[in-house]
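To start, the structure under review is shown below, and the notes come after it.
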Amino acid sequence: MKRRIIVFLCSVLGVTAGILLAVTVLSTYYYKNVFTFGTWIYGNYCTGMTAQEVSDLLLEQYTCFEYDLTTMQQVLLEQEWMNSNLYNAQNTVSIVKTLEDGYILVDETKNLLNQEKAIQIITDSIVNELTEIDLRKECYIDIPYDQNMLETIKKWKGIESFQNFCMTYDFGDRQELIDKSVVCDWIALDEDGYIIYDENNFPVLDESMIEEYVAYLGSVYNTVGIERSFHTTRGDVVKVAGGSYGNELNEKAEFQYLKNAF
């Protein structure tokens, strides 16, 4: 009896070993030209796939990624900060006249954004899953001043000094403020409209413009000899012309005073 049990167990073990050997041989043959069980590549389950099949899968995903990259670039280009103060090799320094502040210096050479480089760095950072980047060192640059720019800055300093004048006229309940917006018109211009400078790069004063300003004050605030309207007790309006009373600006004396004050 014991002999029969031993023979049976030996038979079972032999069959099991044969099956395992067969499975091993078949598995080795099956996975000879494909990826083995449990293979993952960039998040893709690749078991049983050939190298060409995996290559095609990744290539398809890479094509989709290119589309996403293009979308990211478009989104970045729509941002306001990505389109302001951009780097351009032609950027320079210039003097511009404004309505409220007179002449101002426009310096287009500082803290300029290299848009193309910024987009590249941002998209690369997104792809590489970086959570923090610093564009200041890599993407913002200054253009060095050349000789023409330095000359413009010298002239600007003269204009800045010229416009550094402020004075207020009090006419009863009204005031006339002389500031940059007024003084800028007192700078002499040539026939082409360019500022005339002296040998020290200081703007030349156009005295006729001061005369014009004083004439303007007189036209607004002189009241001697003008026609006046009076309301009678009956409710009528009576107009009376002339008269020797009122305010009268001595324009010649005021011109000299304002010129000296300036």
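Each chain in the structure tokens gets a letter, A, B, ..., in the order shown, and its residues are numbered from 1; ligands are numbered from 1 in order too.
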Using only C-alpha atoms, which residues sit within 12 Å of segment 195-200 of chain A once same-chain residues fewer than 4 positions away are excluded, as a list in words?
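Here the qualifying residues turn out to be Ile95, Val96, Lys97, Tyr103, Glu151, Thr152, Lys154, Lys155, Trp156, Lys157, Gly158, Ile159, Phe162, Cys184, Asp185, Trp186, Ile187, Ala188, Leu189, Asp190, Glu191, Val204, Leu205 and Asp206 of chain A.
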Keeping N, CA and C atoms, export the residues of the selection given above as a PDB file, in the first residue's frame.
ATOM      1  N   ILE A  95      13.500 111.762 -26.102  1.00  0.00           N
ATOM      2  CA  ILE A  95      12.814 112.833 -25.364  1.00  0.00           C
ATOM      3  C   ILE A  95      11.481 113.093 -26.064  1.00  0.00           C
ATOM      4  N   VAL A  96      10.395 113.006 -25.295  1.00  0.00           N
ATOM      5  CA  VAL A  96       9.049 113.108 -25.865  1.00  0.00           C
ATOM      6  C   VAL A  96       8.261 114.190 -25.126  1.00  0.00           C
ATOM      7  N   LYS A  97       7.463 114.935 -25.864  1.00  0.00           N
ATOM      8  CA  LYS A  97       6.634 115.973 -25.258  1.00  0.00           C
ATOM      9  C   LYS A  97       5.243 115.436 -24.971  1.00  0.00           C
ATOM     10  N   TYR A 103       8.065 117.842 -21.360  1.00  0.00           N
ATOM     11  CA  TYR A 103       8.979 116.880 -21.962  1.00  0.00           C
ATOM     12  C   TYR A 103       9.346 115.812 -20.925  1.00  0.00           C
ATOM     13  N   GLU A 151      24.356 111.211 -25.191  1.00  0.00           N
ATOM     14  CA  GLU A 151      24.140 112.612 -25.566  1.00  0.00           C
ATOM     15  C   GLU A 151      22.699 113.025 -25.294  1.00  0.00           C
ATOM     16  N   THR A 152      21.768 112.123 -25.581  1.00  0.00           N
ATOM     17  CA  THR A 152      20.350 112.407 -25.325  1.00  0.00           C
ATOM     18  C   THR A 152      20.096 112.591 -23.832  1.00  0.00           C
ATOM     19  N   LYS A 154      22.227 113.660 -21.609  1.00  0.00           N
ATOM     20  CA  LYS A 154      22.784 114.959 -21.219  1.00  0.00           C
ATOM     21  C   LYS A 154      21.796 116.079 -21.542  1.00  0.00           C
ATOM     22  N   LYS A 155      21.199 116.002 -22.724  1.00  0.00           N
ATOM     23  CA  LYS A 155      20.230 117.021 -23.110  1.00  0.00           C
ATOM     24  C   LYS A 155      18.987 116.953 -22.225  1.00  0.00           C
ATOM     25  N   TRP A 156      18.610 115.750 -21.861  1.00  0.00           N
ATOM     26  CA  TRP A 156      17.435 115.609 -21.000  1.00  0.00           C
ATOM     27  C   TRP A 156      17.663 116.271 -19.646  1.00  0.00           C
ATOM     28  N   LYS A 157      18.851 116.149 -19.108  1.00  0.00           N
ATOM     29  CA  LYS A 157      19.143 116.769 -17.815  1.00  0.00           C
ATOM     30  C   LYS A 157      18.976 118.282 -17.900  1.00  0.00           C
ATOM     31  N   GLY A 158      19.357 118.871 -19.047  1.00  0.00           N
ATOM     32  CA  GLY A 158      19.152 120.302 -19.245  1.00  0.00           C
ATOM     33  C   GLY A 158      17.676 120.645 -19.307  1.00  0.00           C
ATOM     34  N   ILE A 159      16.890 119.821 -20.017  1.00  0.00           N
ATOM     35  CA  ILE A 159      15.443 120.050 -20.112  1.00  0.00           C
ATOM     36  C   ILE A 159      14.786 119.898 -18.742  1.00  0.00           C
ATOM     37  N   PHE A 162      15.389 122.955 -16.845  1.00  0.00           N
ATOM     38  CA  PHE A 162      14.607 124.042 -17.435  1.00  0.00           C
ATOM     39  C   PHE A 162      13.166 123.984 -16.939  1.00  0.00           C
ATOM     40  N   CYS A 184       7.226 124.043 -20.658  1.00  0.00           N
ATOM     41  CA  CYS A 184       7.770 123.300 -21.802  1.00  0.00           C
ATOM     42  C   CYS A 184       7.594 124.072 -23.110  1.00  0.00           C
ATOM     43  N   ASP A 185       6.558 124.932 -23.166  1.00  0.00           N
ATOM     44  CA  ASP A 185       6.320 125.718 -24.382  1.00  0.00           C
ATOM     45  C   ASP A 185       7.248 126.924 -24.481  1.00  0.00           C
ATOM     46  N   TRP A 186       8.021 127.202 -23.445  1.00  0.00           N
ATOM     47  CA  TRP A 186       8.941 128.332 -23.465  1.00  0.00           C
ATOM     48  C   TRP A 186      10.308 127.938 -24.036  1.00  0.00           C
ATOM     49  N   ILE A 187      10.465 126.690 -24.412  1.00  0.00           N
ATOM     50  CA  ILE A 187      11.732 126.223 -25.003  1.00  0.00           C
ATOM     51  C   ILE A 187      11.754 126.586 -26.488  1.00  0.00           C
ATOM     52  N   ALA A 188      12.849 127.170 -26.916  1.00  0.00           N
ATOM     53  CA  ALA A 188      12.981 127.582 -28.319  1.00  0.00           C
ATOM     54  C   ALA A 188      13.114 126.360 -29.218  1.00  0.00           C
ATOM     55  N   LEU A 189      12.437 126.421 -30.374  1.00  0.00           N
ATOM     56  CA  LEU A 189      12.481 125.345 -31.358  1.00  0.00           C
ATOM     57  C   LEU A 189      12.997 125.882 -32.683  1.00  0.00           C
ATOM     58  N   ASP A 190      13.664 125.024 -33.452  1.00  0.00           N
ATOM     59  CA  ASP A 190      14.106 125.447 -34.779  1.00  0.00           C
ATOM     60  C   ASP A 190      12.952 125.297 -35.766  1.00  0.00           C
ATOM     61  N   GLU A 191      13.212 125.569 -37.020  1.00  0.00           N
ATOM     62  CA  GLU A 191      12.143 125.556 -38.026  1.00  0.00           C
ATOM     63  C   GLU A 191      11.557 124.165 -38.246  1.00  0.00           C
ATOM     64  N   VAL A 204      17.426 126.554 -25.003  1.00  0.00           N
ATOM     65  CA  VAL A 204      17.408 128.015 -25.146  1.00  0.00           C
ATOM     66  C   VAL A 204      15.994 128.527 -24.850  1.00  0.00           C
ATOM     67  N   LEU A 205      15.903 129.595 -24.095  1.00  0.00           N
ATOM     68  CA  LEU A 205      14.615 130.179 -23.732  1.00  0.00           C
ATOM     69  C   LEU A 205      14.062 130.999 -24.892  1.00  0.00           C
ATOM     70  N   ASP A 206      12.796 130.794 -25.210  1.00  0.00           N
ATOM     71  CA  ASP A 206      12.105 131.589 -26.217  1.00  0.00           C
ATOM     72  C   ASP A 206      11.273 132.641 -25.485  1.00  0.00           C
TER      73      ASP A 206
END
Select from segment 138-225 of chain A every residue with an atom at most 12 Å from any atom of segment 115-118 of chain A, then for each give the shortest pair of atoms and their distance in Å to one decimal, using only C-alpha atoms, rows by chain and rising number, as JSON lines.
{"residue": "A:Glu138", "atom": "CA", "partner": "A:Ala118", "partner_atom": "CA", "distance": 7.9}
{"residue": "A:Cys139", "atom": "CA", "partner": "A:Ala118", "partner_atom": "CA", "distance": 5.6}
{"residue": "A:Tyr140", "atom": "CA", "partner": "A:Ala118", "partner_atom": "CA", "distance": 8.8}
{"residue": "A:Ile141", "atom": "CA", "partner": "A:Gln115", "partner_atom": "CA", "distance": 11.1}
Pick from A:Glu129, A:Glu108, A:Glu207, A:Asp179: nearest to Ser84 of chain A, with only C-alpha atoms counted?
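Smallest separation from Ser84 of chain A among the options: A:Glu108.
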Tell me, in Å to one decimal, how far atom CA of Leu150 of chain A is from atom CA of Met82 of chain A.
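About the pair atom CA of Leu150 of chain A and atom CA of Met82 of chain A: they are 28.8 Å apart.
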